[in-house]
>>> print(open('my_file.csv').read())   # CSV, C-alpha atoms
chain,number,residue,atom,x,y,z
A,1365,MET,CA,0.0,0.0,0.0
A,1366,GLN,CA,1.4,3.4,-1.0
A,1367,PRO,CA,2.0,5.8,1.9
A,1368,VAL,CA,-0.2,8.9,1.8
A,1369,ASP,CA,1.8,12.1,1.1
A,1370,TYR,CA,0.1,14.3,3.7
A,1371,ARG,CA,2.1,17.4,2.8
A,1372,ARG,CA,0.8,17.1,-0.8
A,1373,ALA,CA,-2.7,16.5,0.5
A,1374,LEU,CA,-2.4,19.5,2.7
A,1375,SER,CA,-1.1,21.6,-0.2
A,1376,HIS,CA,-4.2,20.5,-2.2
A,1377,THR,CA,-6.5,21.4,0.7
A,1378,LEU,CA,-4.9,24.8,1.2
A,1379,LEU,CA,-4.7,25.8,-2.5
A,1380,GLY,CA,-7.4,23.7,-4.0
A,1381,VAL,CA,-5.5,23.1,-7.2
A,1382,ASP,CA,-3.7,19.9,-8.3
A,1383,GLY,CA,-0.2,20.3,-9.4
A,1384,GLU,CA,0.5,23.3,-7.2
A,1385,PRO,CA,4.0,23.4,-5.7
A,1386,LEU,CA,4.3,21.6,-2.4
A,1387,THR,CA,3.6,23.9,0.5
A,1388,ASP,CA,2.6,23.6,4.1
A,1389,LEU,CA,1.8,25.7,7.1
A,1390,ARG,CA,5.4,26.6,7.8
A,1391,THR,CA,5.3,30.1,6.3
A,1392,ARG,CA,7.7,32.8,7.7
A,1393,TRP,CA,4.7,34.8,8.7
A,1394,ARG,CA,3.7,32.3,11.3
A,1395,TRP,CA,6.6,33.5,13.5
A,1396,LEU,CA,5.0,36.9,13.6
A,1397,LEU,CA,1.7,35.4,14.6
A,1398,LEU,CA,3.5,33.3,17.3
A,1399,ALA,CA,5.4,36.4,18.5
A,1400,ALA,CA,2.0,38.3,18.9
A,1401,CYS,CA,0.6,35.3,20.8
A,1402,VAL,CA,3.6,35.2,23.1
A,1403,CYS,CA,3.3,39.0,23.7
A,1404,TRP,CA,-0.4,38.6,24.6
A,1405,LEU,CA,0.4,35.8,27.0
A,1406,GLY,CA,3.2,38.1,28.4
A,1407,PHE,CA,0.5,40.8,29.1
A,1408,VAL,CA,-1.7,38.2,30.8
A,1409,PHE,CA,1.0,36.9,33.1
A,1410,ALA,CA,2.7,40.2,33.7
A,1411,PRO,CA,0.6,41.7,36.7
A,1412,PRO,CA,2.7,40.0,39.4
A,1413,PHE,CA,5.9,41.4,37.9
A,1414,VAL,CA,5.0,45.1,37.2
A,1415,SER,CA,4.8,48.0,39.6
A,1416,ASP,CA,1.2,48.9,38.6
A,1417,PRO,CA,-0.7,45.6,38.1
A,1418,ASP,CA,-4.1,47.3,38.3
A,1419,LEU,CA,-3.4,49.3,35.1
A,1420,LEU,CA,-2.5,46.2,33.2
A,1421,ARG,CA,-5.7,44.5,34.4
A,1422,TRP,CA,-7.7,47.6,33.6
A,1423,LEU,CA,-6.4,47.5,30.0
A,1424,LEU,CA,-7.4,43.8,29.6
A,1425,HIS,CA,-10.7,44.0,31.4
A,1426,PRO,CA,-12.8,44.4,28.2
A,1427,VAL,CA,-11.9,40.9,27.2
A,1428,CYS,CA,-12.2,39.0,30.5
A,1429,HIS,CA,-14.1,39.4,33.8
A,1430,GLN,CA,-10.8,38.8,35.7
A,1431,ILE,CA,-12.5,37.6,38.9
A,1432,PRO,CA,-9.6,36.8,41.3
A,1433,GLU,CA,-11.3,33.7,42.6
A,1434,ARG,CA,-11.5,32.4,39.1
A,1435,SER,CA,-7.9,33.4,38.0
A,1436,PHE,CA,-4.5,31.8,38.5
A,1437,HIS,CA,-2.3,33.5,41.0
A,1438,LEU,CA,1.4,34.1,40.6
A,1439,LEU,CA,3.4,35.3,43.6
A,1440,GLY,CA,0.2,35.9,45.4
A,1441,GLU,CA,-1.1,38.2,42.7
A,1442,PRO,CA,-3.9,37.2,40.3
A,1443,ILE,CA,-3.0,37.3,36.6
A,1444,ALA,CA,-5.0,39.4,34.1
A,1445,ALA,CA,-7.3,36.6,32.8
A,1446,CYS,CA,-9.5,34.0,34.3
A,1447,HIS,CA,-8.7,30.2,34.2
A,1448,ARG,CA,-10.8,29.7,31.0
A,1449,CYS,CA,-9.4,32.6,29.1
A,1450,THR,CA,-5.9,31.6,30.1
A,1451,GLY,CA,-6.6,28.2,28.7
A,1452,LEU,CA,-7.9,29.6,25.5
A,1453,TYR,CA,-4.8,31.8,25.1
A,1454,VAL,CA,-2.3,29.0,26.0
A,1455,GLY,CA,-4.1,26.6,23.6
A,1456,PHE,CA,-4.1,29.0,20.7
A,1457,THR,CA,-0.4,29.8,21.2
A,1458,LEU,CA,0.4,26.1,21.4
A,1459,GLY,CA,-1.6,25.6,18.2
A,1460,VAL,CA,0.3,28.2,16.3
A,1461,LEU,CA,3.5,26.6,17.5
A,1462,LEU,CA,2.6,23.0,16.8
A,1463,TRP,CA,0.2,22.7,13.9
A,1464,PRO,CA,2.9,23.3,11.2
A,1465,TRP,CA,4.6,20.2,12.6
A,1466,ILE,CA,1.6,17.9,12.5
A,1467,PRO,CA,0.5,18.1,8.9
A,1468,ARG,CA,-1.4,14.8,9.0
A,1469,LEU,CA,-3.9,16.1,11.6
A,1470,ALA,CA,-3.9,19.6,10.0
A,1471,THR,CA,-5.0,18.0,6.7
A,1472,LYS,CA,-7.8,16.2,8.4
A,1473,LEU,CA,-8.9,19.3,10.2
A,1474,THR,CA,-8.7,21.7,7.2
A,1475,THR,CA,-10.6,19.3,5.0
A,1476,ASN,CA,-13.4,19.2,7.7
A,1477,PRO,CA,-13.1,22.7,9.2
A,1478,ARG,CA,-16.5,22.4,11.0
A,1479,TRP,CA,-14.9,20.0,13.4
A,1480,VAL,CA,-13.3,23.0,15.0
A,1481,GLY,CA,-16.8,23.7,16.5
A,1482,LEU,CA,-16.8,20.2,18.2
A,1483,PHE,CA,-13.8,21.1,20.3
A,1484,PHE,CA,-15.9,23.8,21.9
A,1485,VAL,CA,-18.4,21.3,23.3
A,1486,PRO,CA,-16.4,20.4,26.4
A,1487,LEU,CA,-15.9,24.1,27.1
A,1488,LEU,CA,-19.7,24.8,26.8
A,1489,VAL,CA,-20.5,21.8,29.0
A,1490,ASP,CA,-18.0,22.9,31.6
A,1491,TRP,CA,-19.3,26.5,31.5
A,1492,ALA,CA,-22.9,25.2,31.9
A,1493,VAL,CA,-22.2,23.0,34.9
A,1494,THR,CA,-21.8,24.7,38.2
A,1495,VAL,CA,-19.3,22.2,39.7
A,1496,ASN,CA,-16.3,23.0,37.4
A,1497,THR,CA,-12.8,23.4,38.8
A,1498,PRO,CA,-9.8,25.6,37.8
A,1499,ALA,CA,-8.2,22.6,36.1
A,1500,SER,CA,-11.4,21.8,34.1
A,1501,ARG,CA,-11.9,25.5,33.1
A,1502,PHE,CA,-8.2,25.7,31.9
A,1503,ALA,CA,-8.2,22.3,30.2
A,1504,THR,CA,-11.4,22.9,28.2
A,1505,GLY,CA,-10.1,26.3,27.2
A,1506,VAL,CA,-6.9,24.7,25.8
A,1507,VAL,CA,-8.9,22.0,24.0
A,1508,ALA,CA,-11.3,24.6,22.4
A,1509,SER,CA,-8.7,27.0,21.1
A,1510,PHE,CA,-5.9,24.6,20.0
A,1511,PRO,CA,-7.8,23.6,16.7
A,1512,VAL,CA,-8.8,27.2,16.0
A,1513,ALA,CA,-5.1,28.1,15.6
A,1514,VAL,CA,-4.9,26.2,12.3
A,1515,LEU,CA,-7.3,28.6,10.6
A,1516,PRO,CA,-5.1,31.8,10.8
A,1517,LEU,CA,-2.1,29.6,9.7
A,1518,VAL,CA,-4.1,28.5,6.6
A,1519,ALA,CA,-5.1,32.2,6.0
A,1520,LEU,CA,-1.4,33.1,6.1
A,1521,VAL,CA,-0.5,30.4,3.6
A,1522,GLN,CA,-3.2,31.7,1.3
A,1523,TRP,CA,-2.1,35.3,1.7
A,1524,ALA,CA,1.5,34.4,1.1
A,1525,GLY,CA,0.5,32.3,-1.9
A,1526,SER,CA,-1.5,35.1,-3.5
A,1527,ASN,CA,1.3,37.6,-2.9
A,1528,LYS,CA,3.7,35.2,-4.6
A,1529,GLN,CA,1.2,34.8,-7.5
A,1530,CYS,CA,0.9,38.6,-7.8
A,1531,LYS,CA,4.7,39.0,-7.9
A,1532,GLN,CA,5.0,36.2,-10.6
A,1533,GLU,CA,2.3,37.8,-12.7
A,1534,GLY,CA,4.0,41.1,-12.4
A,1535,VAL,CA,7.3,39.6,-13.7
A,1536,THR,CA,5.7,37.8,-16.6
B,413,MET,CA,-19.2,50.0,-1.4
B,414,ASN,CA,-18.0,46.5,-2.1
B,415,GLU,CA,-19.6,43.4,-0.6
B,416,LYS,CA,-16.8,42.7,1.9
B,417,MET,CA,-17.0,46.3,3.2
B,418,LYS,CA,-20.8,46.1,3.5
B,419,ALA,CA,-20.6,42.7,5.3
B,420,ALA,CA,-17.9,44.0,7.7
B,421,LEU,CA,-20.0,47.1,8.4
B,422,ILE,CA,-23.2,45.2,9.2
B,423,GLY,CA,-21.5,42.5,11.3
B,424,GLY,CA,-19.1,44.8,13.1
B,425,VAL,CA,-21.5,47.7,13.9
B,426,SER,CA,-24.4,45.5,15.0
B,427,PHE,CA,-22.2,43.4,17.4
B,428,GLY,CA,-20.1,46.5,18.4
B,429,ILE,CA,-23.3,48.4,19.5
B,430,ALA,CA,-24.5,45.2,21.4
B,431,SER,CA,-21.2,45.0,23.3
B,432,ALA,CA,-21.7,48.4,24.8
B,433,LEU,CA,-25.5,48.0,25.7
B,434,PRO,CA,-26.8,47.3,29.2
B,435,TYR,CA,-27.1,43.6,30.0
B,436,LEU,CA,-26.4,42.5,26.4
B,437,SER,CA,-22.8,43.5,27.0
B,438,TYR,CA,-22.6,40.6,29.6
B,439,VAL,CA,-22.5,38.2,26.7
B,440,ASN,CA,-19.0,39.5,26.0
B,441,GLY,CA,-17.9,38.0,29.3
B,442,ILE,CA,-18.2,34.6,27.7
B,443,CYS,CA,-14.9,34.6,25.9
B,444,CYS,CA,-15.6,37.9,23.9
B,445,SER,CA,-18.5,36.2,22.2
B,446,LEU,CA,-19.9,39.5,20.8
B,447,TYR,CA,-16.5,40.5,19.3
B,448,ILE,CA,-16.2,37.1,17.7
B,449,GLY,CA,-19.9,37.1,16.7
B,450,GLY,CA,-19.3,40.3,14.6
B,451,GLY,CA,-16.7,38.5,12.6
B,452,VAL,CA,-18.8,35.3,12.2
B,453,LEU,CA,-21.8,37.4,10.9
B,454,ALA,CA,-19.5,39.3,8.5
B,455,ALA,CA,-18.1,36.0,7.2
B,456,TYR,CA,-21.6,34.5,6.8
B,457,LEU,CA,-22.7,37.6,4.8
B,458,ILE,CA,-19.8,37.2,2.3
B,459,MET,CA,-20.2,33.4,2.1
B,460,LYS,CA,-23.9,33.0,1.8
B,461,ASP,CA,-24.0,33.6,-2.0
B,462,VAL,CA,-20.7,32.0,-2.8
B,463,PRO,CA,-21.0,28.8,-4.8
B,464,PRO,CA,-19.4,25.6,-3.5
B,465,GLN,CA,-15.6,25.7,-4.0
B,466,ALA,CA,-12.7,23.5,-3.3
B,467,ARG,CA,-10.7,26.1,-1.3
B,468,ALA,CA,-12.2,27.8,1.7
B,469,PRO,CA,-11.4,31.5,1.5
B,470,TYR,CA,-9.8,31.9,4.9
B,471,LYS,CA,-7.9,35.0,3.7
B,472,ASP,CA,-11.1,36.7,2.8
B,473,GLY,CA,-12.5,35.6,6.2
B,474,ALA,CA,-9.6,37.2,8.0
B,475,VAL,CA,-9.9,40.4,6.0
B,476,VAL,CA,-13.6,40.8,6.5
B,477,GLY,CA,-13.1,39.9,10.2
B,478,VAL,CA,-10.5,42.5,10.9
B,479,LEU,CA,-12.6,45.2,9.1
B,480,ALA,CA,-15.7,44.1,11.1
B,481,GLY,CA,-13.6,44.4,14.3
B,482,LEU,CA,-12.4,47.9,13.4
B,483,PHE,CA,-15.9,49.1,12.6
B,484,GLY,CA,-17.3,47.3,15.7
B,485,GLY,CA,-14.7,48.7,18.0
B,486,VAL,CA,-15.5,52.3,16.8
B,487,ALA,CA,-19.2,51.6,17.2
B,488,ALA,CA,-18.7,50.2,20.7
B,489,VAL,CA,-16.6,53.2,21.7
B,490,ILE,CA,-19.3,55.7,20.4
B,491,THR,CA,-22.1,53.7,22.0
B,492,SER,CA,-20.3,53.5,25.4
B,493,LEU,CA,-19.7,57.3,25.2
B,494,VAL,CA,-23.4,57.9,24.6
B,495,ALA,CA,-24.3,55.4,27.4
B,496,LYS,CA,-21.9,57.1,29.8
B,497,ALA,CA,-23.4,60.5,28.9
B,498,LEU,CA,-26.7,59.1,29.9
B,499,GLY,CA,-25.3,57.9,33.2
B,500,TYR,CA,-24.8,54.2,32.5
B,501,ASP,CA,-21.6,52.6,33.8
B,502,PRO,CA,-21.3,49.1,32.4
B,503,ALA,CA,-18.4,48.0,34.7
B,504,ALA,CA,-20.1,49.1,37.9
B,505,GLU,CA,-23.4,47.6,36.7
B,506,MET,CA,-21.8,44.3,35.9
B,507,ALA,CA,-20.0,44.2,39.3
B,508,ALA,CA,-23.3,44.9,41.1
B,509,THR,CA,-25.1,42.2,39.1
B,510,MET,CA,-22.3,39.6,39.7
B,511,GLN,CA,-22.4,40.4,43.5
B,512,GLN,CA,-26.1,39.7,43.5
B,513,PHE,CA,-25.2,36.2,42.3
B,514,GLY,CA,-22.6,35.8,44.9
B,515,ILE,CA,-19.7,36.3,42.6
B,516,PRO,CA,-17.3,38.9,43.9
B,517,MET,CA,-15.9,41.2,41.1
B,518,PRO,CA,-12.5,42.8,41.3
B,519,THR,CA,-12.9,46.4,42.6
B,520,GLU,CA,-9.3,47.4,42.2
B,521,GLY,CA,-8.4,48.5,38.7
B,522,LEU,CA,-12.0,48.6,37.6
B,523,GLY,CA,-12.8,51.0,40.4
B,524,VAL,CA,-10.2,53.5,39.4
B,525,ASP,CA,-11.4,56.7,37.8
B,526,PRO,CA,-9.3,56.7,34.6
B,527,THR,CA,-7.7,59.9,33.4
B,528,ALA,CA,-8.4,61.3,29.9
B,529,GLY,CA,-5.2,59.7,28.6
B,530,MET,CA,-6.2,56.3,30.1
B,531,GLN,CA,-9.7,56.6,28.6
B,532,LEU,CA,-8.2,57.3,25.2
B,533,LEU,CA,-5.9,54.3,25.6
B,534,GLY,CA,-8.9,52.2,26.7
B,535,PHE,CA,-10.8,53.2,23.5
B,536,VAL,CA,-7.8,52.3,21.3
B,537,MET,CA,-7.5,48.9,23.2
B,538,THR,CA,-11.2,48.3,22.7
B,539,ILE,CA,-10.8,48.7,18.9
B,540,VAL,CA,-7.6,46.6,18.8
B,541,PHE,CA,-9.2,43.8,20.9
B,542,ASP,CA,-12.4,43.9,18.8
B,543,ALA,CA,-10.2,43.6,15.6
B,544,ILE,CA,-8.2,40.6,17.0
B,545,PHE,CA,-11.3,38.6,18.1
B,546,ALA,CA,-13.4,39.5,15.1
B,547,THR,CA,-10.6,38.3,12.8
B,548,LEU,CA,-10.8,34.9,14.6
B,549,GLY,CA,-14.6,35.1,14.2
B,550,GLY,CA,-14.2,35.7,10.5
B,551,LEU,CA,-11.9,32.7,10.2
B,552,VAL,CA,-14.3,30.5,12.2
B,553,GLY,CA,-17.2,31.8,10.1
B,554,VAL,CA,-15.5,30.8,6.9
B,555,ALA,CA,-14.9,27.3,8.4
B,556,ILE,CA,-18.5,27.0,9.3
B,557,PHE,CA,-20.2,28.5,6.2
B,558,HIS,CA,-17.9,27.3,3.5
B,559,LYS,CA,-19.7,25.0,1.1
B,560,LYS,CA,-17.5,22.2,-0.1
B,561,GLU,CA,-17.3,21.4,-3.8
B,562,ALA,CA,-18.6,17.9,-4.6
B,563,LYS,CA,-15.8,15.7,-5.9
B,564,ALA,CA,-16.0,14.9,-9.6
B,565,ASP,CA,-15.2,11.2,-9.9
>>> encode(input="my_file.csv", output="structure tokens")
Amino acid sequence: MQPVDYRRALSHTLLGVDGEPLTDLRTRWRWLLLAACVCWLGFVFAPPFVSDPDLLRWLLHPVCHQIPERSFHLLGEPIAACHRCTGLYVGFTLGVLLWPWIPRLATKLTTNPRWVGLFFVPLLVDWAVTVNTPASRFATGVVASFPVAVLPLVALVQWAGSNKQCKQEGVT
Amino acid sequence: MNEKMKAALIGGVSFGIASALPYLSYVNGICCSLYIGGGVLAAYLIMKDVPPQARAPYKDGAVVGVLAGLFGGVAAVITSLVAKALGYDPAAEMAATMQQFGIPMPTEGLGVDPTAGMQLLGFVMTIVFDAIFATLGGLVGVAIFHKKEAKAD
């Protein structure tokens, strides 16, 4: 049985055309996305290490309720996001970092992108039940956002591909 | 006005206004659902008349999402300014409502009376956050509403 070339399959999924040059999610632009994600996580975890943690929390309060009892604490100081939001941010960052290295799963997910919604089911169940724990809130956040990270990576591949095409057309 | 711009305007402004309205703004407490929702609606509007195709246009989803976020952020800022002028303070109201349910809200930080400079920074951050989350909404919207082309065998 001939082994499946997942990189070629992924290329077909991303570009939708047979015979396109092999490509994958490892564009240079993903590093910029990863850097942005790491910066965001830096903001979230920074309050214990800055002189005015309230200002940092005030800046991030539009995106999270930041209830101290529902947030992780570092050095006795609550960070700037709740357990669930921290899980979502960590999962997304891990996704941006890891999806380019697991093309087999990325292919499956990009050919059935609606599966992304399925990973939100544990989060919704955990949100709906009243007996959730910090670990369950964090873990379901990670599970929900990890698959979503493949979508901006695909958008970056398409964007880089169209830029390349424009340049080639400009030359010829 | 092209279709993408129109979709971004409808999706962004409708959810942007909702995110600054009394009670409705609480929905944003669930992982920024309203910001994300603006992007999803914008993506739906550009995808609804698109025929089935092999490639899901994630790039278009991201573009329409970021535009929806920018429009939505501006709409949210304007709506919150109007609401504040009418004496409505969403942060204080949310804290009071949460305390009714026995959930203590942080008073530090939210309780501070921000200076004009901080207010301006807050508005800019609202627009930036809305753009980030609506972009994700646009991408998720394309993933949901993309119609796959049937394989010709």
>>> interface_residues(input="my_file.csv", of="chain A", to="chain B", cutoff="6 Å", atoms="only C-alpha atoms", output="ChimeraX atom specification")
/A:1380,1418,1422,1427-1428,1431,1477-1478,1519
>>> atom_distance(input="my_file.csv", atom1="CA of Leu1389 (chain A)", atom2="CA of Pro1464 (chain A)")
4.9 Å
>>> atom_distance(input="my_file.csv", atom1="CA of Pro1417 (chain A)", atom2="CA of Asn1496 (chain A)")
27.5 Å
>>> atom_distance(input="my_file.csv", atom1="CA of Ala420 (chain B)", atom2="CA of Ala454 (chain B)")
5.0 Å
>>> closest_residue(input="my_file.csv", among="A:Thr1497, A:Thr1457, A:Ser1509, A:Arg1468", to="Leu1482 (chain A)", atoms="all atoms listed in the file")
A:Ser1509
>>> residues_around(input="my_file.csv", residues="Val1480 (chain A)", least_positions_apart="5", cutoff="10 Å", atoms="only C-alpha atoms", output="number ranges by chain")
A: 1473-1474, 1485, 1508-1515; B: 552, 555-556
>>> residues_around(input="my_file.csv", residues="region 1392-1399 of chain A", least_positions_apart="2", cutoff="10 Å", atoms="all atoms listed in the file", output="ChimeraX atom specification")
/A:1389-1390,1401-1405,1456-1461,1464,1516-1518,1520-1521,1523-1524
>>> closest_residue(input="my_file.csv", among="B:Val452, B:Leu436, B:Ile422, B:Ala495", to="Phe483 (chain B)", atoms="all atoms listed in the file")
B:Ile422
>>> decode(input="my_file.csv", residues="region 1415-1435 of chain A", atoms="C-alpha atoms", output="PDB file, in the first residue's frame")
ATOM      1  CA  SER A1415       4.764  48.027  39.577  1.00  0.00           C
ATOM      2  CA  ASP A1416       1.156  48.871  38.615  1.00  0.00           C
ATOM      3  CA  PRO A1417      -0.729  45.580  38.070  1.00  0.00           C
ATOM      4  CA  ASP A1418      -4.118  47.342  38.251  1.00  0.00           C
ATOM      5  CA  LEU A1419      -3.360  49.336  35.117  1.00  0.00           C
ATOM      6  CA  LEU A1420      -2.540  46.155  33.197  1.00  0.00           C
ATOM      7  CA  ARG A1421      -5.712  44.468  34.438  1.00  0.00           C
ATOM      8  CA  TRP A1422      -7.732  47.574  33.578  1.00  0.00           C
ATOM      9  CA  LEU A1423      -6.390  47.462  30.012  1.00  0.00           C
ATOM     10  CA  LEU A1424      -7.369  43.807  29.591  1.00  0.00           C
ATOM     11  CA  HIS A1425     -10.708  43.980  31.410  1.00  0.00           C
ATOM     12  CA  PRO A1426     -12.769  44.430  28.193  1.00  0.00           C
ATOM     13  CA  VAL A1427     -11.862  40.864  27.189  1.00  0.00           C
ATOM     14  CA  CYS A1428     -12.196  39.021  30.519  1.00  0.00           C
ATOM     15  CA  HIS A1429     -14.060  39.386  33.806  1.00  0.00           C
ATOM     16  CA  GLN A1430     -10.762  38.771  35.734  1.00  0.00           C
ATOM     17  CA  ILE A1431     -12.532  37.604  38.909  1.00  0.00           C
ATOM     18  CA  PRO A1432      -9.588  36.845  41.295  1.00  0.00           C
ATOM     19  CA  GLU A1433     -11.263  33.676  42.635  1.00  0.00           C
ATOM     20  CA  ARG A1434     -11.459  32.401  39.062  1.00  0.00           C
ATOM     21  CA  SER A1435      -7.938  33.381  38.011  1.00  0.00           C
TER      22      SER A1435
END
